[in-house]
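Structure first, then comments.
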Amino acid sequence: MYENLLGQTAKLALTADLKRGTFPGSVLFSGNDASGKLTAALETARILSCHEAIPRSFNCTCPSCLRHKALLSTNLILCGPRDCFLEISAACDTFLRAYESNASFIDAARYLFLRSVRKLTLRFSDVLIEGDKNANKIGVAVGAINEMLEDLDFPRPLPPLSEADKLKEKCEKLKDAAQKLESDFLYDTIPVYQIRNLEVWARMKSDEGKKTVIIENADRMNESVRNALLKILEEPPADTVFILLTSKRNAVMPTILSRVRTYNFIERAKNHQSDVINAVFHKENFEGSLNDYLLGFLPNPPTVLRQNAKVFLQAVLAAQAPDLAAMVKECGGFSPRIEFKIFLQSLTQLLRPLMYSQGGSEVLSEVSKKCLDAWNNVTGYNQNPQGALENLFREFLKLNMTNGNVFRCADL
């Protein structure tokens, strides 16, 4: 069990509880980003649904485990916001490198790429999108991605190396389709109708093993969603396990915390992160964290995004609007959308010195709120990034002027 969860002591407690039969119906996996929480949750779902009397390792070949490993099990619901693009890009790179070198890990790399895409498409299952105003558009987009996945899936043979360009083209089309699905339809907070839909699904009897609901970034739920989830956790279905994931346990509602058992995931040491990069992505001698490795697959380097954040703040200090159209163009239209998040995070990081000035903490809190509004306007209300930045510039200008040019302490 949990052989693929590297550098995490939480797997010891998970394994012990599963073997003793004391694993509860509602749990919370809490830990930093890239600490392996989703990997552990998906592995837990596989174990709970395994056909064997004593659940086997990840290499178990029972029908249920094979479906779970391919992320095709009908016993699994995965929902919640996640930036999937970077993992898909990194997995695609691993797959193509393995293919071109005829590496011994080609099958594992192929699974890695397929699973990385399905971690996205699972969030748009028929169960979850029922009642969504964009259900038809989502269905078409997911259907097209599934057709492309089928063309790359086992047991279909891969093309000969003489047709490598064709395989690369297929992978690029799949990546582009996945990025568009994520950008256009993946909400940054779970809609309440999804919780109601999964409650109906959770109460349906399973034909085999336990069903599992995995909810990522559970701290991002609004009040109506939290209350709807709380009702399910108060009377959880006997055949369904709920696994909530968060990197901000303190932001999870106390009444929800009181109904779940928490498993804490530590921040993996640098050498353990190197082990993950090597074992999963087959990239040796990478110096940096797992997050650094994934950020390397951004179309625009983080340095470009951070430099433009500096230019934005310098314009605020000069009280002179920057050329936002040129800025958005230089940042590639902030596509994928994680680039816009990095830009906004850079603004708050550059303004962190505010917390050391008189009244600066309150201003910094307002800065964070304004950045969150900009993010929500782009991801939730489909405002274009340039429009969101125009609004943000006006808000920052007002904050700076009404607080005595407080932005002058920014780390520029």
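Numbering starts fresh at 1 for the residues of each chain in the structure tokens, the chains themselves are lettered A, B, ... in the order given, and ligands are numbered from 1 as they appear.
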
Nearby residues (only C-alpha atoms) at most 12 Å from Ile54 (chain A), same-chain spacing under 2 positions excluded, as a list in words: Met1, Thr15, Leu18, Lys19, Arg20, Gly21, Ile47, Leu48, Ser49, Cys50, His51, Glu52, Arg56, Ser57, Cys60 and Cys62 of chain A

Dump N, CA, C and O atoms for the selected residues as a PDB file, in the first residue's frame?
ATOM      1  N   MET A   1       0.830  -1.199   0.000  1.00  0.00           N
ATOM      2  CA  MET A   1       0.000   0.000   0.000  1.00  0.00           C
ATOM      3  C   MET A   1       0.877   1.267   0.000  1.00  0.00           C
ATOM      4  O   MET A   1       1.910   1.292   0.671  1.00  0.00           O
ATOM      5  N   THR A  15      -2.046   3.265   6.450  1.00  0.00           N
ATOM      6  CA  THR A  15      -1.935   1.814   6.290  1.00  0.00           C
ATOM      7  C   THR A  15      -2.423   1.085   7.533  1.00  0.00           C
ATOM      8  O   THR A  15      -3.167   0.100   7.443  1.00  0.00           O
ATOM      9  N   LEU A  18      -6.290   1.266   7.803  1.00  0.00           N
ATOM     10  CA  LEU A  18      -6.949   0.438   6.793  1.00  0.00           C
ATOM     11  C   LEU A  18      -6.825  -1.043   7.131  1.00  0.00           C
ATOM     12  O   LEU A  18      -7.791  -1.809   6.979  1.00  0.00           O
ATOM     13  N   LYS A  19      -5.659  -1.453   7.617  1.00  0.00           N
ATOM     14  CA  LYS A  19      -5.467  -2.863   7.968  1.00  0.00           C
ATOM     15  C   LYS A  19      -6.298  -3.254   9.181  1.00  0.00           C
ATOM     16  O   LYS A  19      -6.813  -4.374   9.266  1.00  0.00           O
ATOM     17  N   ARG A  20      -6.441  -2.329  10.119  1.00  0.00           N
ATOM     18  CA  ARG A  20      -7.252  -2.618  11.322  1.00  0.00           C
ATOM     19  C   ARG A  20      -8.743  -2.484  11.068  1.00  0.00           C
ATOM     20  O   ARG A  20      -9.554  -2.853  11.914  1.00  0.00           O
ATOM     21  N   GLY A  21      -9.110  -1.909   9.940  1.00  0.00           N
ATOM     22  CA  GLY A  21     -10.526  -1.686   9.656  1.00  0.00           C
ATOM     23  C   GLY A  21     -11.088  -0.525  10.443  1.00  0.00           C
ATOM     24  O   GLY A  21     -12.302  -0.451  10.669  1.00  0.00           O
ATOM     25  N   ILE A  47      -7.686   1.143  -2.663  1.00  0.00           N
ATOM     26  CA  ILE A  47      -7.623   0.128  -1.614  1.00  0.00           C
ATOM     27  C   ILE A  47      -9.022  -0.200  -1.090  1.00  0.00           C
ATOM     28  O   ILE A  47      -9.367  -1.372  -0.896  1.00  0.00           O
ATOM     29  N   LEU A  48      -9.821   0.819  -0.879  1.00  0.00           N
ATOM     30  CA  LEU A  48     -11.166   0.603  -0.319  1.00  0.00           C
ATOM     31  C   LEU A  48     -12.077  -0.164  -1.269  1.00  0.00           C
ATOM     32  O   LEU A  48     -13.038  -0.803  -0.839  1.00  0.00           O
ATOM     33  N   SER A  49     -11.776  -0.108  -2.564  1.00  0.00           N
ATOM     34  CA  SER A  49     -12.617  -0.762  -3.563  1.00  0.00           C
ATOM     35  C   SER A  49     -12.029  -2.078  -4.058  1.00  0.00           C
ATOM     36  O   SER A  49     -12.638  -2.760  -4.876  1.00  0.00           O
ATOM     37  N   CYS A  50     -10.846  -2.449  -3.558  1.00  0.00           N
ATOM     38  CA  CYS A  50     -10.145  -3.654  -4.019  1.00  0.00           C
ATOM     39  C   CYS A  50     -10.981  -4.908  -3.771  1.00  0.00           C
ATOM     40  O   CYS A  50     -11.644  -5.037  -2.735  1.00  0.00           O
ATOM     41  N   HIS A  51     -10.932  -5.847  -4.727  1.00  0.00           N
ATOM     42  CA  HIS A  51     -11.700  -7.092  -4.614  1.00  0.00           C
ATOM     43  C   HIS A  51     -11.064  -8.098  -3.670  1.00  0.00           C
ATOM     44  O   HIS A  51     -11.728  -9.032  -3.213  1.00  0.00           O
ATOM     45  N   GLU A  52      -9.789  -7.938  -3.409  1.00  0.00           N
ATOM     46  CA  GLU A  52      -9.082  -8.917  -2.581  1.00  0.00           C
ATOM     47  C   GLU A  52      -9.477  -8.779  -1.114  1.00  0.00           C
ATOM     48  O   GLU A  52      -9.753  -7.685  -0.629  1.00  0.00           O
ATOM     49  N   ARG A  56      -4.190  -5.528  -1.881  1.00  0.00           N
ATOM     50  CA  ARG A  56      -2.818  -5.695  -2.318  1.00  0.00           C
ATOM     51  C   ARG A  56      -2.180  -4.348  -2.651  1.00  0.00           C
ATOM     52  O   ARG A  56      -2.789  -3.302  -2.512  1.00  0.00           O
ATOM     53  N   SER A  57      -0.954  -4.439  -3.137  1.00  0.00           N
ATOM     54  CA  SER A  57      -0.197  -3.249  -3.491  1.00  0.00           C
ATOM     55  C   SER A  57      -0.790  -2.591  -4.733  1.00  0.00           C
ATOM     56  O   SER A  57      -1.756  -3.074  -5.324  1.00  0.00           O
ATOM     57  N   CYS A  60      -1.801  -4.617  -7.810  1.00  0.00           N
ATOM     58  CA  CYS A  60      -2.923  -5.560  -7.802  1.00  0.00           C
ATOM     59  C   CYS A  60      -3.621  -5.534  -9.163  1.00  0.00           C
ATOM     60  O   CYS A  60      -3.840  -4.467  -9.744  1.00  0.00           O
ATOM     61  N   CYS A  62      -6.707  -7.035  -9.773  1.00  0.00           N
ATOM     62  CA  CYS A  62      -8.150  -7.309  -9.731  1.00  0.00           C
ATOM     63  C   CYS A  62      -8.858  -6.254 -10.589  1.00  0.00           C
ATOM     64  O   CYS A  62      -8.339  -5.152 -10.795  1.00  0.00           O
TER      65      CYS A  62
END

Asp184 (chain A) environment, 12 Å, only C-alpha atoms, sequence neighbours closer than 3 positions dropped, as a list in words: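 The filter keeps Asn134, Lys137, Ile138, Ala141, Ala177, Ala178, Gln179, Lys180, Leu181, Tyr187, Asp188, Ser335, Pro336, Arg337, Val378, Thr379, Gly380, Tyr381, Asn382, Gln383 and Asn384 of chain A.
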
I need the chosen residues saved as a PDB file, in the first residue's frame, with C-alpha atoms.
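Okay, this is what ended up in selection-v2.pdb:
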ATOM      1  CA  ASN A 134     -22.707  24.849 -19.528  1.00  0.00           C
ATOM      2  CA  LYS A 137     -20.555  22.533 -23.867  1.00  0.00           C
ATOM      3  CA  ILE A 138     -18.649  20.697 -21.137  1.00  0.00           C
ATOM      4  CA  ALA A 141     -15.279  19.198 -24.662  1.00  0.00           C
ATOM      5  CA  ALA A 177      -7.912  20.714 -25.255  1.00  0.00           C
ATOM      6  CA  ALA A 178      -7.250  20.039 -21.564  1.00  0.00           C
ATOM      7  CA  GLN A 179      -5.990  23.586 -21.014  1.00  0.00           C
ATOM      8  CA  LYS A 180      -9.103  25.033 -22.652  1.00  0.00           C
ATOM      9  CA  LEU A 181     -11.392  22.816 -20.568  1.00  0.00           C
ATOM     10  CA  TYR A 187     -14.563  26.718 -11.096  1.00  0.00           C
ATOM     11  CA  ASP A 188     -12.263  28.091  -8.416  1.00  0.00           C
ATOM     12  CA  SER A 335      -2.900  31.364 -20.376  1.00  0.00           C
ATOM     13  CA  PRO A 336      -2.933  28.921 -18.679  1.00  0.00           C
ATOM     14  CA  ARG A 337      -4.726  30.710 -15.919  1.00  0.00           C
ATOM     15  CA  VAL A 378     -11.395  36.155 -14.412  1.00  0.00           C
ATOM     16  CA  THR A 379     -12.040  32.566 -13.324  1.00  0.00           C
ATOM     17  CA  GLY A 380     -15.620  32.848 -12.123  1.00  0.00           C
ATOM     18  CA  TYR A 381     -17.152  35.602 -14.236  1.00  0.00           C
ATOM     19  CA  ASN A 382     -15.084  35.209 -17.424  1.00  0.00           C
ATOM     20  CA  GLN A 383     -13.740  38.767 -17.352  1.00  0.00           C
ATOM     21  CA  ASN A 384     -10.699  39.118 -19.600  1.00  0.00           C
TER      22      ASN A 384
END

Show me, as a tab-separated table, the residues of region 251-294 of chain A having an atom within 12 Å of region 92-115 of chain A, each with the closest atom pair and its distance in Å, using only C-alpha atoms.
residue	atom	partner	partner_atom	distance
A:Ile277	CA	A:Thr94	CA	10.5
A:Asn278	CA	A:Thr94	CA	10.5
A:Ala279	CA	A:Phe105	CA	10.0
A:Val280	CA	A:Leu112	CA	7.9
A:Phe281	CA	A:Thr94	CA	5.6
A:His282	CA	A:Thr94	CA	6.9
A:Lys283	CA	A:Thr94	CA	8.2
A:Glu284	CA	A:Thr94	CA	11.8
A:Tyr293	CA	A:Asp93	CA	11.9
A:Leu294	CA	A:Asp93	CA	11.0

Convert the current residue selection to file output with C-alpha atoms, as a PDB file, in the first residue's frame.
ATOM      1  CA  ILE A 277      10.817  14.117  -9.552  1.00  0.00           C
ATOM      2  CA  ASN A 278      13.110  11.225 -10.448  1.00  0.00           C
ATOM      3  CA  ALA A 279      10.636   8.415  -9.697  1.00  0.00           C
ATOM      4  CA  VAL A 280       7.558  10.017 -11.250  1.00  0.00           C
ATOM      5  CA  PHE A 281       8.923  12.212 -14.048  1.00  0.00           C
ATOM      6  CA  HIS A 282      12.235  10.353 -14.567  1.00  0.00           C
ATOM      7  CA  LYS A 283      14.222  13.575 -14.422  1.00  0.00           C
ATOM      8  CA  GLU A 284      17.532  13.090 -12.639  1.00  0.00           C
ATOM      9  CA  TYR A 293      10.028  21.600 -11.601  1.00  0.00           C
ATOM     10  CA  LEU A 294       6.363  21.960 -12.549  1.00  0.00           C
TER      11      LEU A 294
END

Nearest-residue call for Leu389 (chain A), choices A:Pro299, A:Pro81, A:Gly7, A:Pro322, using only C-alpha atoms: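 Among A:Pro299, A:Pro81, A:Gly7, A:Pro322, it is A:Pro322 that comes nearest to Leu389 (chain A).
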
Residues near region 218-223 of chain A, cut-off 12 Å, only C-alpha atoms, skip fewer than 3 positions along chain, as a count of residues only: 41

Residues of region 262-411 of chain A in alpha helix (DSSP H), written as a PyMOL selection string: chain A and resi 270-281+290-295+302-318+324-330+338-350+360-379+385-402

Counting only C-alpha atoms, the residue of A:Arg156, A:Arg46, A:Arg408, A:Lys341 that sits nearest Ala315 (chain A): A:Arg408

Who sits within 9 Å of region 361-367 of chain A, only C-alpha atoms, same chain under 2 positions skipped, as a PyMOL selection string: chain A and resi 347-348+351-359+369-372+395-396+399-400+403+406

Would you mind listing what lies within 12 Å of Asp151 (chain A) as a PDB file with all heavy atoms, in the first residue's frame, with only C-alpha atoms counted and same-chain residues fewer than 5 positions away left out?
ATOM      1  N   ARG A 110       3.335   6.378 -19.848  1.00  0.00           N
ATOM      2  CA  ARG A 110       2.068   6.449 -20.584  1.00  0.00           C
ATOM      3  C   ARG A 110       0.899   6.563 -19.609  1.00  0.00           C
ATOM      4  O   ARG A 110      -0.001   7.389 -19.775  1.00  0.00           O
ATOM      5  CB  ARG A 110       1.936   5.200 -21.448  1.00  0.00           C
ATOM      6  CG  ARG A 110       0.846   5.242 -22.514  1.00  0.00           C
ATOM      7  CD  ARG A 110       0.977   3.980 -23.365  1.00  0.00           C
ATOM      8  NE  ARG A 110      -0.070   3.848 -24.351  1.00  0.00           N
ATOM      9  CZ  ARG A 110      -0.178   2.809 -25.171  1.00  0.00           C
ATOM     10  NH1 ARG A 110       0.721   1.828 -25.102  1.00  0.00           N
ATOM     11  NH2 ARG A 110      -1.162   2.742 -26.046  1.00  0.00           N
ATOM     12  N   LEU A 114      -1.848   9.714 -19.145  1.00  0.00           N
ATOM     13  CA  LEU A 114      -3.290   9.459 -19.201  1.00  0.00           C
ATOM     14  C   LEU A 114      -3.966   9.865 -17.895  1.00  0.00           C
ATOM     15  O   LEU A 114      -5.020  10.514 -17.884  1.00  0.00           O
ATOM     16  CB  LEU A 114      -3.550   7.978 -19.494  1.00  0.00           C
ATOM     17  CG  LEU A 114      -3.087   7.457 -20.861  1.00  0.00           C
ATOM     18  CD1 LEU A 114      -3.178   5.938 -20.898  1.00  0.00           C
ATOM     19  CD2 LEU A 114      -3.908   8.068 -21.983  1.00  0.00           C
ATOM     20  N   ALA A 144     -14.538  15.051 -26.549  1.00  0.00           N
ATOM     21  CA  ALA A 144     -13.426  15.173 -27.495  1.00  0.00           C
ATOM     22  C   ALA A 144     -12.108  14.739 -26.839  1.00  0.00           C
ATOM     23  O   ALA A 144     -11.276  14.055 -27.463  1.00  0.00           O
ATOM     24  CB  ALA A 144     -13.322  16.611 -27.995  1.00  0.00           C
ATOM     25  N   ILE A 145     -11.912  15.132 -25.571  1.00  0.00           N
ATOM     26  CA  ILE A 145     -10.691  14.732 -24.851  1.00  0.00           C
ATOM     27  C   ILE A 145     -10.658  13.225 -24.656  1.00  0.00           C
ATOM     28  O   ILE A 145      -9.614  12.582 -24.828  1.00  0.00           O
ATOM     29  CB  ILE A 145     -10.609  15.466 -23.499  1.00  0.00           C
ATOM     30  CG1 ILE A 145     -10.308  16.953 -23.734  1.00  0.00           C
ATOM     31  CG2 ILE A 145      -9.530  14.845 -22.605  1.00  0.00           C
ATOM     32  CD1 ILE A 145     -10.344  17.793 -22.474  1.00  0.00           C
ATOM     33  N   ASN A 146     -11.796  12.634 -24.307  1.00  0.00           N
ATOM     34  CA  ASN A 146     -11.843  11.178 -24.099  1.00  0.00           C
ATOM     35  C   ASN A 146     -11.517  10.416 -25.383  1.00  0.00           C
ATOM     36  O   ASN A 146     -10.885   9.354 -25.339  1.00  0.00           O
ATOM     37  CB  ASN A 146     -13.216  10.768 -23.576  1.00  0.00           C
ATOM     38  CG  ASN A 146     -13.406  11.135 -22.116  1.00  0.00           C
ATOM     39  OD1 ASN A 146     -12.427  11.305 -21.380  1.00  0.00           O
ATOM     40  ND2 ASN A 146     -14.644  11.270 -21.684  1.00  0.00           N
ATOM     41  N   ARG A 156      -3.895  -0.147 -27.134  1.00  0.00           N
ATOM     42  CA  ARG A 156      -3.533   0.325 -28.473  1.00  0.00           C
ATOM     43  C   ARG A 156      -2.014   0.500 -28.558  1.00  0.00           C
ATOM     44  O   ARG A 156      -1.419   1.181 -27.704  1.00  0.00           O
ATOM     45  CB  ARG A 156      -4.242   1.638 -28.758  1.00  0.00           C
ATOM     46  CG  ARG A 156      -4.101   2.112 -30.213  1.00  0.00           C
ATOM     47  CD  ARG A 156      -4.754   3.468 -30.361  1.00  0.00           C
ATOM     48  NE  ARG A 156      -6.180   3.382 -30.154  1.00  0.00           N
ATOM     49  CZ  ARG A 156      -7.070   3.265 -31.133  1.00  0.00           C
ATOM     50  NH1 ARG A 156      -6.657   3.224 -32.384  1.00  0.00           N
ATOM     51  NH2 ARG A 156      -8.360   3.201 -30.856  1.00  0.00           N
ATOM     52  N   PRO A 157      -1.375  -0.066 -29.581  1.00  0.00           N
ATOM     53  CA  PRO A 157       0.086   0.092 -29.697  1.00  0.00           C
ATOM     54  C   PRO A 157       0.456   1.515 -30.071  1.00  0.00           C
ATOM     55  O   PRO A 157      -0.289   2.219 -30.764  1.00  0.00           O
ATOM     56  CB  PRO A 157       0.457  -0.888 -30.821  1.00  0.00           C
ATOM     57  CG  PRO A 157      -0.787  -1.008 -31.646  1.00  0.00           C
ATOM     58  CD  PRO A 157      -1.930  -0.895 -30.670  1.00  0.00           C
ATOM     59  N   LEU A 158       1.612   1.951 -29.593  1.00  0.00           N
ATOM     60  CA  LEU A 158       2.121   3.264 -29.965  1.00  0.00           C
ATOM     61  C   LEU A 158       2.690   3.199 -31.390  1.00  0.00           C
ATOM     62  O   LEU A 158       3.160   2.147 -31.823  1.00  0.00           O
ATOM     63  CB  LEU A 158       3.201   3.708 -28.981  1.00  0.00           C
ATOM     64  CG  LEU A 158       2.742   3.939 -27.537  1.00  0.00           C
ATOM     65  CD1 LEU A 158       3.954   4.237 -26.649  1.00  0.00           C
ATOM     66  CD2 LEU A 158       1.743   5.076 -27.470  1.00  0.00           C
ATOM     67  N   PRO A 159       2.651   4.316 -32.098  1.00  0.00           N
ATOM     68  CA  PRO A 159       3.184   4.308 -33.465  1.00  0.00           C
ATOM     69  C   PRO A 159       4.690   4.102 -33.468  1.00  0.00           C
ATOM     70  O   PRO A 159       5.367   4.366 -32.472  1.00  0.00           O
ATOM     71  CB  PRO A 159       2.804   5.700 -33.986  1.00  0.00           C
ATOM     72  CG  PRO A 159       2.689   6.549 -32.768  1.00  0.00           C
ATOM     73  CD  PRO A 159       2.135   5.644 -31.711  1.00  0.00           C
ATOM     74  N   LYS A 166       3.715  12.538 -35.526  1.00  0.00           N
ATOM     75  CA  LYS A 166       2.267  12.365 -35.404  1.00  0.00           C
ATOM     76  C   LYS A 166       1.861  12.195 -33.936  1.00  0.00           C
ATOM     77  O   LYS A 166       0.849  12.743 -33.494  1.00  0.00           O
ATOM     78  CB  LYS A 166       1.802  11.160 -36.218  1.00  0.00           C
ATOM     79  CG  LYS A 166       1.899  11.347 -37.727  1.00  0.00           C
ATOM     80  CD  LYS A 166       1.354  10.132 -38.467  1.00  0.00           C
ATOM     81  CE  LYS A 166       1.426  10.347 -39.977  1.00  0.00           C
ATOM     82  NZ  LYS A 166       0.919   9.159 -40.729  1.00  0.00           N
ATOM     83  N   LEU A 167       2.673  11.424 -33.189  1.00  0.00           N
ATOM     84  CA  LEU A 167       2.364  11.232 -31.767  1.00  0.00           C
ATOM     85  C   LEU A 167       2.498  12.557 -31.013  1.00  0.00           C
ATOM     86  O   LEU A 167       1.658  12.885 -30.170  1.00  0.00           O
ATOM     87  CB  LEU A 167       3.288  10.177 -31.158  1.00  0.00           C
ATOM     88  CG  LEU A 167       3.038   9.874 -29.676  1.00  0.00           C
ATOM     89  CD1 LEU A 167       1.665   9.258 -29.469  1.00  0.00           C
ATOM     90  CD2 LEU A 167       4.119   8.953 -29.118  1.00  0.00           C
ATOM     91  N   LYS A 170      -0.532  14.641 -31.625  1.00  0.00           N
ATOM     92  CA  LYS A 170      -1.680  14.174 -30.851  1.00  0.00           C
ATOM     93  C   LYS A 170      -1.584  14.653 -29.406  1.00  0.00           C
ATOM     94  O   LYS A 170      -2.581  15.094 -28.821  1.00  0.00           O
ATOM     95  CB  LYS A 170      -1.758  12.649 -30.887  1.00  0.00           C
ATOM     96  CG  LYS A 170      -2.200  12.059 -32.215  1.00  0.00           C
ATOM     97  CD  LYS A 170      -2.236  10.530 -32.138  1.00  0.00           C
ATOM     98  CE  LYS A 170      -2.661   9.928 -33.472  1.00  0.00           C
ATOM     99  NZ  LYS A 170      -2.685   8.441 -33.414  1.00  0.00           N
ATOM    100  N   CYS A 171      -0.390  14.549 -28.829  1.00  0.00           N
ATOM    101  CA  CYS A 171      -0.196  14.960 -27.435  1.00  0.00           C
ATOM    102  C   CYS A 171      -0.415  16.462 -27.272  1.00  0.00           C
ATOM    103  O   CYS A 171      -1.011  16.907 -26.286  1.00  0.00           O
ATOM    104  CB  CYS A 171       1.201  14.569 -26.958  1.00  0.00           C
ATOM    105  SG  CYS A 171       1.444  12.789 -26.775  1.00  0.00           S
ATOM    106  N   LEU A 174      -4.069  17.215 -27.356  1.00  0.00           N
ATOM    107  CA  LEU A 174      -4.686  16.801 -26.102  1.00  0.00           C
ATOM    108  C   LEU A 174      -4.396  17.813 -24.999  1.00  0.00           C
ATOM    109  O   LEU A 174      -5.287  18.201 -24.233  1.00  0.00           O
ATOM    110  CB  LEU A 174      -4.172  15.414 -25.709  1.00  0.00           C
ATOM    111  CG  LEU A 174      -4.725  14.789 -24.426  1.00  0.00           C
ATOM    112  CD1 LEU A 174      -6.248  14.768 -24.433  1.00  0.00           C
ATOM    113  CD2 LEU A 174      -4.174  13.377 -24.240  1.00  0.00           C
TER     114      LEU A 174
END

A:Glu169, A:Ile129, A:Arg261, A:Leu186 ranked by distance to Leu198 (chain A), top pick (using only C-alpha atoms):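 Of all the options, A:Ile129 lies closest to Leu198 (chain A).
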
Selected residue, from A:Leu66, A:Ile342, A:Ala135, A:Val127, that lies nearest to Phe154 (chain A) when counting only C-alpha atoms: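 Closest to Phe154 (chain A), using only C-alpha atoms: A:Leu66.
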
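If only C-alpha atoms are the atoms counted, then among A:Gly333, A:Asn75, A:Ala164, A:Ser26 the closest residue to Lys205 (chain A) is A:Asn75.
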
Long-range neighbours of region 300-304 of chain A as an MDAnalysis selection string, 8 Å cut-off, only C-alpha atoms, 2 positions minimum in chain: chainID A and resid 295:296 298 306:308 331:332 339 342

Write out, as a PDB file, in the first residue's frame, the residues just selected, with N, CA and C atoms.
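Done, and the output landed in again.pdb:
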ATOM      1  N   LEU A 295       6.703  24.366 -12.433  1.00  0.00           N
ATOM      2  CA  LEU A 295       6.635  25.731 -12.970  1.00  0.00           C
ATOM      3  C   LEU A 295       7.498  25.892 -14.228  1.00  0.00           C
ATOM      4  N   GLY A 296       8.464  25.012 -14.409  1.00  0.00           N
ATOM      5  CA  GLY A 296       9.297  25.051 -15.596  1.00  0.00           C
ATOM      6  C   GLY A 296       8.521  24.749 -16.874  1.00  0.00           C
ATOM      7  N   LEU A 298       5.596  26.178 -17.562  1.00  0.00           N
ATOM      8  CA  LEU A 298       4.772  27.329 -17.936  1.00  0.00           C
ATOM      9  C   LEU A 298       5.226  27.878 -19.288  1.00  0.00           C
ATOM     10  N   ARG A 306       6.696  37.869 -12.701  1.00  0.00           N
ATOM     11  CA  ARG A 306       7.066  38.678 -11.536  1.00  0.00           C
ATOM     12  C   ARG A 306       7.599  40.047 -11.948  1.00  0.00           C
ATOM     13  N   GLN A 307       8.338  40.098 -13.057  1.00  0.00           N
ATOM     14  CA  GLN A 307       8.841  41.374 -13.531  1.00  0.00           C
ATOM     15  C   GLN A 307       7.693  42.282 -13.958  1.00  0.00           C
ATOM     16  N   ASN A 308       6.681  41.722 -14.587  1.00  0.00           N
ATOM     17  CA  ASN A 308       5.521  42.516 -14.982  1.00  0.00           C
ATOM     18  C   ASN A 308       4.720  42.977 -13.763  1.00  0.00           C
ATOM     19  N   CYS A 331       2.686  38.529 -21.300  1.00  0.00           N
ATOM     20  CA  CYS A 331       2.437  37.391 -20.406  1.00  0.00           C
ATOM     21  C   CYS A 331       1.589  36.304 -21.079  1.00  0.00           C
ATOM     22  N   GLY A 332       1.530  36.364 -22.410  1.00  0.00           N
ATOM     23  CA  GLY A 332       0.842  35.316 -23.153  1.00  0.00           C
ATOM     24  C   GLY A 332      -0.638  35.228 -22.878  1.00  0.00           C
ATOM     25  N   GLU A 339      -0.910  31.291 -14.621  1.00  0.00           N
ATOM     26  CA  GLU A 339       0.007  32.413 -14.796  1.00  0.00           C
ATOM     27  C   GLU A 339      -0.583  33.692 -14.191  1.00  0.00           C
ATOM     28  N   ILE A 342      -0.029  33.460 -10.473  1.00  0.00           N
ATOM     29  CA  ILE A 342       1.356  33.768 -10.095  1.00  0.00           C
ATOM     30  C   ILE A 342       1.595  35.277 -10.151  1.00  0.00           C
TER      31      ILE A 342
END

For CA of Leu12 (chain A) and CA of Tyr263 (chain A), the interatomic separation in Å (one decimal): 10.3 Å

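Using only C-alpha atoms, the smallest distance between any of A:Glu199, A:Asp17, A:Glu172, A:Asp411 and Glu235 (chain A) comes from A:Glu199.
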
Spatial neighbours of Asn291 (chain A), max dist 12 Å, only C-alpha atoms, sep filter under 2 positions, as a ChimeraX atom specification: /A:32-36,83,86-87,90,267-268,270,273-274,276-277,286-289,293-298,302
